[in-house]
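Here is the structure we will look at.
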Amino acid sequence: MNAPIKLQLLLETQRLERNPFPIPTGWFFAGYSDSIQPGEVKNINFLDQEWVMFRGEGGQVGITDPYCPHLGAHLGHGGTVVGDNIRCTFHHWEYSTEGFCKHIPYAKVMPPITKKQPILRTLPVQERYGLIWAWYHPQAADPQWELPAIPEMEEPGHVKPRRWSGSVNTAIQEVAENGVDNVHLKYLHGTPIVPPTTATFEDHKMQINIGMGYIIGDMYGPGLNVMRFTKDGVTATMISYSVPITRDKTQMNMSFTHKDYPQGSKERTIAEHLVAHSIGEAEGEESAGFESVDMIVWNNKKYRAKPLLCDGDGQIIKYRQWFKQFYPGFENSDKI
Amino acid sequence: MAVEVLATDREGTTHKLEAERGRPLMEVLREANLGVEGTCGGACACGTCHVYVAGSWAERLPLRSEDEQMMLEAIAELVEVRPASRLSCQIPMSEELSGIEVEIGPVP
């Protein structure tokens, strides 16, 4: 008689969720700097809720919870910028970019709590690389790391970044997991061999090295990945700044740049080819870019917290353990 | 046993009120229409339930919380705040406080 089978293995997917992940903590792309002018107010959807973004007359960007702490009016419907504050249309209470109530036009005495702490939830904001960044933490904790310097994006002498955006129905953790999954590069994308890949992890950072230095990827938390493609001494840089829109939907965004090599030079041709390759539109390529092949997997898969892996599967488990730090409060969850 | 409150209004008239146990003094005064608005509902945010607590009653009350202290300091710029000043929303009525004497205080 045969031994009893492990029935659990066969029935597990019935109870698996497609995306069991909460919104992770980290710095996330909230919009392009040139998309909002001083004095402008707009409503944005990301991080699984609606937010109100405004730019004060002094240039500072604020991202706030939509609902006024006073009587709940929506700051993004009728709210206006007054100086560096956003003013609710209902009773003209004003809030700074940090969420402090700065002015109540008719109160003789400001409620003491307004001096002690912010009363409106806001996200810490930074502008780097021409992008607006918001720090998200589920319990509104302060930023735990700094955004890195990216000379190619911040210093002169580089071509104007080319942008790409698309949306995928899965979580960021799933998208970024493909970075350590070198085996899929051969079988899904069709690279001639499984490229040798190493990954190192330190605090909020992960570095992957694919193809012995051909691609070096530096990830800074869930929301920023800087990938440098190098060939014949020429480097093209792609920064990837994916952001959760909801728990089930991620907006993938990328900017590509390289040194402004002279038109017609060998270096420029190589750099442009590297960019085309990373988007997957290079001519004469055997392998497919992510858009054509990864999407079908991401859009339909379920996350297996306890996958069945074999000897060639590399660093997937280490990557997942590293990623867990971005889910504060879910350290002991067996779903992620 | 009913809990009794002796409240003197801003005109100087003293009223004998009955309070339900556990209710904040502010609500008792507000319902008696003695000029206490209690606008913020007990959040130490408006200062409109300011009272002066008479004599030794003040010592029998729970100490001011940080929020109450800050609100009293905030209204002190506009009205007279004394050592016996309290926000009546922060005084839950109990049998031990039966007979408490308070004067409705000035508000901003």
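Chain labels follow the order of the structure tokens: the first chain is A, the next B, and so on; residue numbering restarts at 1 in every chain, and ligands are counted from 1 in their shown order.
The shell of residues at most 7 Å from range 99-105 of chain B, with only C-alpha atoms counted and near chain neighbours (fewer than 2 positions) removed, consists of Glu4, Val5, Leu6, Ala7, Thr8, Asp9, Arg10, His50, Val51, Tyr52, Val53, Ala54, Trp57, Leu97 and Val107 of chain B.
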**Request:** Name the residues of chain B that fall into alpha helix (DSSP H) according to DSSP on the backbone, using the chain letters and numbers of this document, as a list in words.
**Result:**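 Matching residues for alpha helix (DSSP H) in chain B are Leu25, Met26, Glu27, Val28, Leu29, Arg30, Glu31, Glu66, Asp67, Glu68, Gln69, Met70, Met71, Leu72, Glu73, Ala74 and Ile75 of chain B.
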**Request:** For chain A, list the residues within 9 Å of chain B, counting only C-alpha atoms, and write the list as a list in words.
**Result:**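 Contact residues on the first chain: Ala107, Lys108, Val109, Met110, Pro111, Pro112 and Ile113 of chain A.
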**Message:** Give me, as a list in words, the residues of range 1-102 of chain B that a backbone DSSP run labels strand (DSSP E).
**Reply:** Val3, Glu4, Val5, Leu6, Ala7, Thr8, Thr14, His15, Lys16, Leu17, Glu18, Ala19, His50, Val51, Tyr52, Val53, Ser85, Arg86, Leu87, Ile100, Glu101 and Val102 of chain B
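When the distance limit is 6 Å and only C-alpha atoms are what count, the residues near range 14-19 of chain A, minus those fewer than 2 positions from it on the same chain, are Leu11, Glu12, Phe21, Lys302 and Tyr303 of chain A.
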Prev. selection, N, CA, C and O atoms, output as a PDB file, in the first residue's frame:
ATOM      1  N   LEU A  11      -4.141  20.954  -2.102  1.00  0.00           N
ATOM      2  CA  LEU A  11      -5.314  21.803  -1.864  1.00  0.00           C
ATOM      3  C   LEU A  11      -4.963  23.231  -1.483  1.00  0.00           C
ATOM      4  O   LEU A  11      -5.841  24.075  -1.328  1.00  0.00           O
ATOM      5  N   GLU A  12      -3.659  23.505  -1.323  1.00  0.00           N
ATOM      6  CA  GLU A  12      -3.244  24.786  -0.749  1.00  0.00           C
ATOM      7  C   GLU A  12      -3.749  26.007  -1.511  1.00  0.00           C
ATOM      8  O   GLU A  12      -4.127  27.012  -0.916  1.00  0.00           O
ATOM      9  N   PHE A  21      -0.104  40.746   0.663  1.00  0.00           N
ATOM     10  CA  PHE A  21       0.785  41.759   1.250  1.00  0.00           C
ATOM     11  C   PHE A  21       0.078  43.050   1.639  1.00  0.00           C
ATOM     12  O   PHE A  21      -0.737  43.561   0.875  1.00  0.00           O
ATOM     13  N   LYS A 302      -0.502  33.422  -8.092  1.00  0.00           N
ATOM     14  CA  LYS A 302      -0.774  33.537  -6.664  1.00  0.00           C
ATOM     15  C   LYS A 302       0.554  33.463  -5.929  1.00  0.00           C
ATOM     16  O   LYS A 302       1.478  32.776  -6.369  1.00  0.00           O
ATOM     17  N   TYR A 303       0.636  34.158  -4.815  1.00  0.00           N
ATOM     18  CA  TYR A 303       1.862  34.139  -4.027  1.00  0.00           C
ATOM     19  C   TYR A 303       1.862  32.915  -3.124  1.00  0.00           C
ATOM     20  O   TYR A 303       0.956  32.740  -2.307  1.00  0.00           O
TER      21      TYR A 303
END
**Prompt:** Nearest to Ser85 in chain B among B:His15, B:Ala2, B:Cys49, B:Arg60, with distances taken over only C-alpha atoms: which residue is it?
**Reply:**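 Looking only at the distances to Ser85 in chain B, the closest residue turns out to be B:Cys49.
For the atom pair formed by CA of Pro222 in chain A and CA of Met254 in chain A, the distance is 14.0 Å, given to one decimal.
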**Request:** Could you check how far CA of Gln90 in chain B sits from CA of Arg21 in chain B, in Å to one decimal?
**Result:** 13.8 Å
So that I can check the surroundings of Arg228 in chain A, please list as a compact mmCIF listing (two decimals) with N, CA, C and O atoms, in the first residue's frame every protein, DNA and RNA residue that reaches within 7 Å of it, counting only C-alpha atoms and ignoring chain neighbours fewer than 6 positions away.
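For reference, around28.txt as written:
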# COMPACT_ATOMS: atom_id res chain seq x y z
N ILE A 215 24.76 43.75 -15.30
CA ILE A 215 23.73 44.57 -14.64
C ILE A 215 24.03 44.60 -13.14
O ILE A 215 24.13 43.55 -12.50
N ILE A 216 24.17 45.81 -12.60
CA ILE A 216 24.27 45.98 -11.16
C ILE A 216 23.00 46.72 -10.73
O ILE A 216 22.74 47.83 -11.21
N GLY A 217 22.23 46.10 -9.87
CA GLY A 217 20.99 46.73 -9.41
C GLY A 217 21.07 47.04 -7.93
O GLY A 217 21.39 46.16 -7.13
N THR A 235 28.05 52.81 -19.66
CA THR A 235 26.99 52.46 -18.72
C THR A 235 25.71 53.22 -19.05
O THR A 235 25.74 54.43 -19.29
N ALA A 236 24.61 52.49 -19.08
CA ALA A 236 23.28 53.12 -19.15
C ALA A 236 22.60 52.87 -17.82
O ALA A 236 22.77 51.81 -17.21
N THR A 237 21.84 53.86 -17.37
CA THR A 237 21.22 53.76 -16.05
C THR A 237 19.71 53.77 -16.19
O THR A 237 19.14 54.60 -16.91
N MET A 238 19.09 52.83 -15.48
CA MET A 238 17.64 52.81 -15.41
C MET A 238 17.26 52.95 -13.95
O MET A 238 17.76 52.20 -13.12
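As for CA of Phe256 in chain A and CA of Val293 in chain A, they are spaced 20.3 Å apart.
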**Message:** Quick one: residues within 7 Å of Pro244 in chain A, only C-alpha atoms, excluding same-chain residues fewer than 2 positions away - as an MDAnalysis selection string?
**Reply:** chainID A and resid 23 46:47 171:172 242 246:247 249:251
Can you spit out the residues from that selection as a tab-separated table (two decimals), in the first residue's frame, using N, CA and C atoms?
chain	number	residue	atom	x	y	z
A	23	ILE	N	0.52	47.22	2.32
A	23	ILE	CA	1.36	48.23	1.67
A	23	ILE	C	2.68	48.32	2.44
A	46	PHE	N	-2.79	56.57	-4.39
A	46	PHE	CA	-1.70	55.59	-4.27
A	46	PHE	C	-1.64	55.15	-2.82
A	47	LEU	N	-0.85	54.11	-2.56
A	47	LEU	CA	-0.71	53.59	-1.20
A	47	LEU	C	-2.07	53.22	-0.61
A	171	ALA	N	1.70	42.85	-6.38
A	171	ALA	CA	2.37	43.70	-5.39
A	171	ALA	C	3.83	43.92	-5.77
A	172	ILE	N	4.42	44.97	-5.21
A	172	ILE	CA	5.82	45.31	-5.51
A	172	ILE	C	6.76	44.16	-5.18
A	242	SER	N	8.67	51.87	-8.69
A	242	SER	CA	7.33	51.29	-8.65
A	242	SER	C	6.61	51.79	-7.40
A	246	THR	N	-2.96	50.15	-5.14
A	246	THR	CA	-3.77	49.48	-4.13
A	246	THR	C	-2.95	48.26	-3.70
A	247	ARG	N	-3.52	47.43	-2.84
A	247	ARG	CA	-2.80	46.23	-2.42
A	247	ARG	C	-2.64	45.26	-3.60
A	249	LYS	N	-2.53	46.33	-6.97
A	249	LYS	CA	-2.14	46.99	-8.22
A	249	LYS	C	-0.90	47.85	-7.99
A	250	THR	N	0.08	47.67	-8.86
A	250	THR	CA	1.32	48.43	-8.76
A	250	THR	C	1.53	49.21	-10.04
A	251	GLN	N	1.91	50.47	-9.88
A	251	GLN	CA	2.30	51.24	-11.06
A	251	GLN	C	3.81	51.14	-11.18
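Taking only C-alpha atoms into account, Asp48 in chain A lies nearest to A:Tyr136 out of the set A:Phe330, A:Tyr220, A:Tyr136, A:Tyr214.
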